[in-house]
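**Student:** Input structure: upload.cif, which contains mmCIF, C-alpha atoms.
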data_structure
loop_
_atom_site.group_PDB
_atom_site.id
_atom_site.type_symbol
_atom_site.label_atom_id
_atom_site.label_comp_id
_atom_site.auth_asym_id
_atom_site.auth_seq_id
_atom_site.Cartn_x
_atom_site.Cartn_y
_atom_site.Cartn_z
ATOM 1 C CA MET A 1398 78.282 125.055 126.092
ATOM 2 C CA SER A 1399 77.242 127.759 123.661
ATOM 3 C CA ASP A 1400 75.117 126.953 120.633
ATOM 4 C CA GLU A 1401 77.877 128.194 118.322
ATOM 5 C CA LEU A 1402 80.470 125.888 119.879
ATOM 6 C CA ARG A 1403 78.021 122.988 119.810
ATOM 7 C CA GLU A 1404 77.313 123.611 116.109
ATOM 8 C CA SER A 1405 81.049 123.827 115.342
ATOM 9 C CA ARG A 1406 81.683 120.501 117.032
ATOM 10 C CA ARG A 1407 78.740 118.986 115.193
ATOM 11 C CA GLU A 1408 80.127 120.179 111.836
ATOM 12 C CA ILE A 1409 83.560 118.748 112.638
ATOM 13 C CA ALA A 1410 81.993 115.435 113.634
ATOM 14 C CA ARG A 1411 79.845 115.464 110.473
ATOM 15 C CA ALA A 1412 82.954 116.082 108.332
ATOM 16 C CA ALA A 1413 84.835 113.269 110.104
ATOM 17 C CA TYR A 1414 81.945 110.921 109.399
ATOM 18 C CA ALA A 1415 81.815 111.966 105.734
ATOM 19 C CA ILE A 1416 85.538 111.233 105.348
ATOM 20 C CA ALA A 1417 85.259 107.877 107.105
ATOM 21 C CA ARG A 1418 82.181 106.937 105.060
ATOM 22 C CA ALA A 1419 83.999 107.879 101.844
ATOM 23 C CA ALA A 1420 86.775 105.428 102.792
ATOM 24 C CA LEU A 1421 84.207 102.626 103.122
ATOM 25 C CA ASP A 1422 82.635 103.602 99.799
ATOM 26 C CA ALA A 1423 86.073 103.523 98.151
ATOM 27 C CA GLN A 1424 86.633 100.023 99.524
ATOM 28 C CA ARG A 1425 83.276 98.890 98.159
ATOM 29 C CA GLU A 1426 84.167 100.299 94.735
ATOM 30 C CA SER A 1427 87.566 98.623 94.864
ATOM 31 C CA VAL A 1428 86.000 95.225 95.544
ATOM 32 C CA ARG A 1429 83.368 95.799 92.846
ATOM 33 C CA ASP A 1430 86.110 96.749 90.356
ATOM 34 C CA LEU A 1431 88.216 93.689 91.221
ATOM 35 C CA ARG A 1432 85.216 91.434 90.731
ATOM 36 C CA ALA A 1433 84.355 93.033 87.387
ATOM 37 C CA ARG A 1434 87.933 92.608 86.162
ATOM 38 C CA THR A 1435 87.868 89.014 87.378
ATOM 39 C CA GLY A 1436 84.754 88.391 85.289
ATOM 40 C CA ALA A 1437 86.636 89.709 82.254
ATOM 41 C CA LEU A 1438 89.596 87.497 83.170
ATOM 42 C CA LEU A 1439 87.319 84.453 83.249
ATOM 43 C CA THR A 1440 86.059 85.362 79.799
ATOM 44 C CA ALA A 1441 89.633 85.641 78.549
ATOM 45 C CA THR A 1442 90.669 82.306 80.035
ATOM 46 C CA SER A 1443 87.588 80.673 78.503
ATOM 47 C CA VAL A 1444 88.584 81.976 75.071
ATOM 48 C CA VAL A 1445 92.167 80.791 75.593
ATOM 49 C CA VAL A 1446 91.093 77.305 76.660
ATOM 50 C CA SER A 1447 88.658 77.109 73.737
ATOM 51 C CA PHE A 1448 91.219 77.972 71.093
ATOM 52 C CA LEU A 1449 94.711 77.180 72.381
ATOM 53 C CA GLY A 1450 93.808 74.604 75.009
ATOM 54 C CA ALA A 1451 91.653 72.521 72.711
ATOM 55 C CA ARG A 1452 94.427 72.298 70.127
ATOM 56 C CA ALA A 1453 97.246 71.847 72.645
ATOM 57 C CA LEU A 1454 95.500 69.081 74.541
ATOM 58 C CA THR A 1455 94.669 67.085 71.401
ATOM 59 C CA THR A 1456 98.270 66.870 70.161
ATOM 60 C CA ASN A 1457 100.666 64.292 71.535
ATOM 61 C CA HIS A 1458 103.813 66.394 71.060
ATOM 62 C CA LEU A 1459 105.219 68.012 74.239
ATOM 63 C CA ARG A 1460 102.387 66.671 76.377
ATOM 64 C CA GLY A 1461 103.976 68.098 79.558
ATOM 65 C CA LEU A 1462 103.525 71.677 78.324
ATOM 66 C CA ALA A 1463 99.887 70.973 77.505
ATOM 67 C CA LEU A 1464 99.230 69.502 80.949
ATOM 68 C CA SER A 1465 101.085 72.364 82.651
ATOM 69 C CA GLY A 1466 98.878 74.792 80.723
ATOM 70 C CA LEU A 1467 95.836 72.873 81.901
ATOM 71 C CA GLY A 1468 97.105 73.180 85.478
ATOM 72 C CA ALA A 1469 97.500 76.946 85.003
ATOM 73 C CA PHE A 1470 93.936 77.075 83.680
ATOM 74 C CA VAL A 1471 92.626 75.279 86.771
ATOM 75 C CA LEU A 1472 94.600 77.647 89.022
ATOM 76 C CA SER A 1473 93.198 80.685 87.218
ATOM 77 C CA LEU A 1474 89.672 79.328 87.716
ATOM 78 C CA ALA A 1475 90.250 78.648 91.414
ATOM 79 C CA PHE A 1476 91.791 82.071 92.044
ATOM 80 C CA SER A 1477 89.030 83.788 90.085
ATOM 81 C CA LEU A 1478 86.336 81.987 92.059
ATOM 82 C CA TYR A 1479 88.003 83.088 95.297
ATOM 83 C CA VAL A 1480 87.740 86.712 94.186
ATOM 84 C CA LEU A 1481 84.170 86.376 92.898
ATOM 85 C CA LEU A 1482 82.569 84.418 95.724
ATOM 86 C CA PRO A 1483 80.692 86.498 98.301
ATOM 87 C CA THR A 1484 82.461 86.853 101.612
ATOM 88 C CA SER A 1485 81.469 87.866 105.100
ATOM 89 C CA LYS A 1486 85.009 89.081 105.790
ATOM 90 C CA ILE A 1487 84.323 92.469 104.227
ATOM 91 C CA GLU A 1488 82.004 94.613 106.321
ATOM 92 C CA TYR A 1489 80.127 97.798 105.626
ATOM 93 C CA LEU A 1490 78.179 100.113 107.874
ATOM 94 C CA ALA A 1491 74.836 98.431 108.408
ATOM 95 C CA GLU A 1492 73.486 99.256 111.857
ATOM 96 C CA GLY A 1493 73.349 102.875 112.896
ATOM 97 C CA GLY A 1494 70.338 102.452 115.176
ATOM 98 C CA ALA A 1495 72.415 101.144 118.066
ATOM 99 C CA LEU A 1496 74.399 104.376 118.037
ATOM 100 C CA LEU A 1497 71.270 106.440 118.542
ATOM 101 C CA ASP A 1498 70.409 104.566 121.722
ATOM 102 C CA LEU A 1499 73.836 105.339 123.154
ATOM 103 C CA THR A 1500 73.492 109.089 122.692
ATOM 104 C CA ASN A 1501 70.445 109.843 124.834
ATOM 105 C CA ALA A 1502 72.490 110.756 127.923
ATOM 106 C CA HIS A 1503 74.898 113.100 126.095
ATOM 107 C CA PRO A 1504 74.409 116.872 125.966
ATOM 108 C CA ASP A 1505 74.640 116.949 122.144
ATOM 109 C CA PRO A 1506 73.422 113.670 120.675
ATOM 110 C CA ALA A 1507 73.923 114.711 117.039
ATOM 111 C CA THR A 1508 77.623 115.407 117.508
ATOM 112 C CA ASP A 1509 78.084 112.168 119.401
ATOM 113 C CA VAL A 1510 76.285 110.185 116.680
ATOM 114 C CA TYR A 1511 78.571 111.575 113.976
ATOM 115 C CA ARG A 1512 81.621 110.940 116.140
ATOM 116 C CA ARG A 1513 80.594 107.338 116.784
ATOM 117 C CA LEU A 1514 79.708 106.763 113.132
ATOM 118 C CA ALA A 1515 83.102 108.071 112.055
ATOM 119 C CA ALA A 1516 84.856 105.804 114.558
ATOM 120 C CA THR A 1517 82.777 102.817 113.441
ATOM 121 C CA CYS A 1518 83.552 103.471 109.764
ATOM 122 C CA ASP A 1519 87.258 103.783 110.561
ATOM 123 C CA THR A 1520 87.205 100.486 112.467
ATOM 124 C CA ILE A 1521 85.394 98.673 109.659
ATOM 125 C CA ALA A 1522 87.696 100.132 106.991
ATOM 126 C CA ALA A 1523 90.781 99.001 108.895
ATOM 127 C CA ALA A 1524 89.355 95.487 109.278
ATOM 128 C CA ASN A 1525 88.463 95.311 105.562
ATOM 129 C CA GLU A 1526 91.852 96.468 104.320
ATOM 130 C CA LEU A 1527 93.647 93.143 104.827
ATOM 131 C CA HIS A 1528 90.976 91.111 103.046
ATOM 132 C CA ILE A 1529 90.673 93.555 100.151
ATOM 133 C CA GLU A 1530 94.437 93.478 99.752
ATOM 134 C CA ARG A 1531 94.314 89.665 99.757
ATOM 135 C CA ILE A 1532 91.698 89.467 97.003
ATOM 136 C CA GLY A 1533 93.781 91.928 94.989
ATOM 137 C CA GLN A 1534 96.761 89.612 95.328
ATOM 138 C CA VAL A 1535 94.650 86.591 94.376
ATOM 139 C CA PHE A 1536 93.435 88.485 91.294
ATOM 140 C CA THR A 1537 97.085 89.081 90.361
ATOM 141 C CA LEU A 1538 97.775 85.362 90.753
ATOM 142 C CA ALA A 1539 94.763 84.507 88.578
ATOM 143 C CA SER A 1540 96.012 86.909 85.911
ATOM 144 C CA ALA A 1541 99.492 85.381 86.057
ATOM 145 C CA ALA A 1542 98.004 81.891 85.747
ATOM 146 C CA VAL A 1543 96.144 82.920 82.585
ATOM 147 C CA LEU A 1544 99.372 84.356 81.181
ATOM 148 C CA VAL A 1545 101.262 81.143 82.003
ATOM 149 C CA GLU A 1546 98.458 79.144 80.403
ATOM 150 C CA VAL A 1547 98.699 81.152 77.177
ATOM 151 C CA VAL A 1548 102.503 80.952 77.071
ATOM 152 C CA LEU A 1549 102.638 77.203 77.733
ATOM 153 C CA TRP A 1550 99.951 76.289 75.230
ATOM 154 C CA GLY A 1551 101.287 78.725 72.645
ATOM 155 C CA LEU A 1552 104.794 77.366 73.087
ATOM 156 C CA GLN A 1553 103.567 73.807 72.777
ATOM 157 C CA LEU A 1554 101.703 74.607 69.578
ATOM 158 C CA VAL A 1555 104.649 76.503 68.092
ATOM 159 C CA LEU A 1556 107.087 73.698 68.883
ATOM 160 C CA ALA A 1557 104.752 70.974 67.656
#
Turn this file's structure into structure tokens for me.
**Tutor:**
Amino acid sequence: MSDELRESRREIARAAYAIARAALDAQRESVRDLRARTGALLTATSVVVSFLGARALTTNHLRGLALSGLGAFVLSLAFSLYVLLPTSKIEYLAEGGALLDLTNAHPDPATDVYRRLAATCDTIAAANELHIERIGQVFTLASAAVLVEVVLWGLQLVLA
């Protein structure tokens, strides 16, 4: 194989790895963003429970709305904790050394390393996608629970 062809293949493999690595980085940013927004959501629900919840739970009028709001608060906390807790279900590229050992017998180890790295990143990204989608859905549920909490407690206080 000519040096020019070998270098071309290496550049293609390097580009494939860069694209695959960018997908993993985007997933990491997505999870980081979801967790940051969940922290803000927890702050919001704390403010709501401090102001509306405290008043709604101390009145005896329409007690069912107050308790339903409390249930929504508990759900928002549970969903938020699910999003915030560390998980081993999301993987990132951690061990590249094993790939180097596998390339010793190949005519162009550098190209093979990039090719294997790209394939590994693609595999990890595909495995992460389902879990990242799930925590996004749980964040949506937590947000909805906070909204329900506000509506129920607000309604109870308005009708009282």
**Student:** Mind giving me the straight-line distance from CA of Ala1541 (chain A) to CA of Leu1438 (chain A) in Å, one decimal?
**Tutor:** 10.5 Å
**Student:** Skip Leu1474 (chain A) itself and residues of its chain fewer than 5 positions away, then list as a PyMOL selection string all residues within 12 Å of it, counting all atoms listed in the file.
**Tutor:** chain A and resi 1435-1436+1438-1443+1446+1467-1469+1479-1482+1535-1536+1538-1543+1546
**Student:** CA of Phe1448 (chain A) and CA of Ser1465 (chain A), how far apart in Å?
**Tutor:**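 The value is 16.2 Å.
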**Student:** So what do you get for CA of Gly1450 (chain A) versus CA of Val1548 (chain A), distance-wise?
**Tutor:** 11.0 Å
**Student:** Care to translate the PyMOL selection byres ((chain A and resi 1409-1411) around 12) into actual residues of this file, as number ranges by chain?
**Tutor:** A: 1402-1408, 1412-1418, 1505-1516
**Student:** Here is a test: counting only C-alpha atoms, which residue of A:Leu1449, A:Ala1437, A:Leu1549, A:Ala1420 is nearest to Ala1523 (chain A)?
**Tutor:** A:Ala1420
**Student:** Find the residues around Gly1461 (chain A) up to 12 Å (all atoms listed in the file counted), leave out those fewer than 5 positions away in its own chain, and share them as a list in words.
**Tutor:**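 The residues that qualify are Ala1453, Leu1454, Thr1456, Gly1466, Leu1467, Gly1468, Leu1549, Trp1550, Leu1552 and Gln1553 of chain A.
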**Student:** Padding of 8 Å on every side, edges along x, y and z, all listed atoms of region 1425-1441 of chain A included: what centre and edge lengths in Å, to one decimal, does that box have, as lines of an AutoDock Vina configuration file?
**Tutor:**
center_x = 86.5
center_y = 92.4
center_z = 88.4
size_x = 22.4
size_y = 31.8
size_z = 35.6
**Student:** Between A:Ile1521, A:Gly1551, A:Arg1432, A:Ser1399, which residue has the minimum interatomic distance to Phe1476 (chain A), considering all atoms listed in the file?
**Tutor:**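 Of A:Ile1521, A:Gly1551, A:Arg1432, A:Ser1399, the one nearest Phe1476 (chain A), counting all atoms listed in the file, is A:Arg1432.
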**Student:** Could you tell me which of A:Asp1422, A:Val1547, A:Val1428, A:Ala1522 comes closest to Val1444 (chain A) if we count all atoms listed in the file?
**Tutor:**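 The closest residue to Val1444 (chain A) is A:Val1547.
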**Student:** Could region 1405-1417 of chain A be completed with N, CA and C atoms and written as a short mmCIF file (atom, residue, chain, number, x, y, z; two decimals), in the frame of the given file, please?
**Tutor:**
data_model
loop_
_atom_site.label_atom_id
_atom_site.label_comp_id
_atom_site.auth_asym_id
_atom_site.auth_seq_id
_atom_site.Cartn_x
_atom_site.Cartn_y
_atom_site.Cartn_z
N SER A 1405 79.71 124.04 115.90
CA SER A 1405 81.05 123.83 115.34
C SER A 1405 81.50 122.39 115.55
N ARG A 1406 81.31 121.89 116.75
CA ARG A 1406 81.68 120.50 117.03
C ARG A 1406 80.87 119.53 116.18
N ARG A 1407 79.60 119.84 116.01
CA ARG A 1407 78.74 118.99 115.19
C ARG A 1407 79.23 118.96 113.74
N GLU A 1408 79.62 120.11 113.21
CA GLU A 1408 80.13 120.18 111.84
C GLU A 1408 81.44 119.41 111.69
N ILE A 1409 82.30 119.51 112.68
CA ILE A 1409 83.56 118.75 112.64
C ILE A 1409 83.26 117.25 112.68
N ALA A 1410 82.35 116.86 113.54
CA ALA A 1410 81.99 115.44 113.63
C ALA A 1410 81.34 114.96 112.34
N ARG A 1411 80.51 115.80 111.74
CA ARG A 1411 79.84 115.46 110.47
C ARG A 1411 80.89 115.29 109.36
N ALA A 1412 81.89 116.18 109.34
CA ALA A 1412 82.95 116.08 108.33
C ALA A 1412 83.79 114.81 108.54
N ALA A 1413 84.08 114.49 109.81
CA ALA A 1413 84.84 113.27 110.10
C ALA A 1413 84.07 112.04 109.65
N TYR A 1414 82.77 112.04 109.86
CA TYR A 1414 81.94 110.92 109.40
C TYR A 1414 81.95 110.83 107.87
N ALA A 1415 81.83 111.96 107.20
CA ALA A 1415 81.82 111.97 105.73
C ALA A 1415 83.12 111.40 105.19
N ILE A 1416 84.24 111.75 105.79
CA ILE A 1416 85.54 111.23 105.35
C ILE A 1416 85.63 109.73 105.60
N ALA A 1417 85.21 109.30 106.77
CA ALA A 1417 85.26 107.88 107.10
C ALA A 1417 84.32 107.07 106.21
#
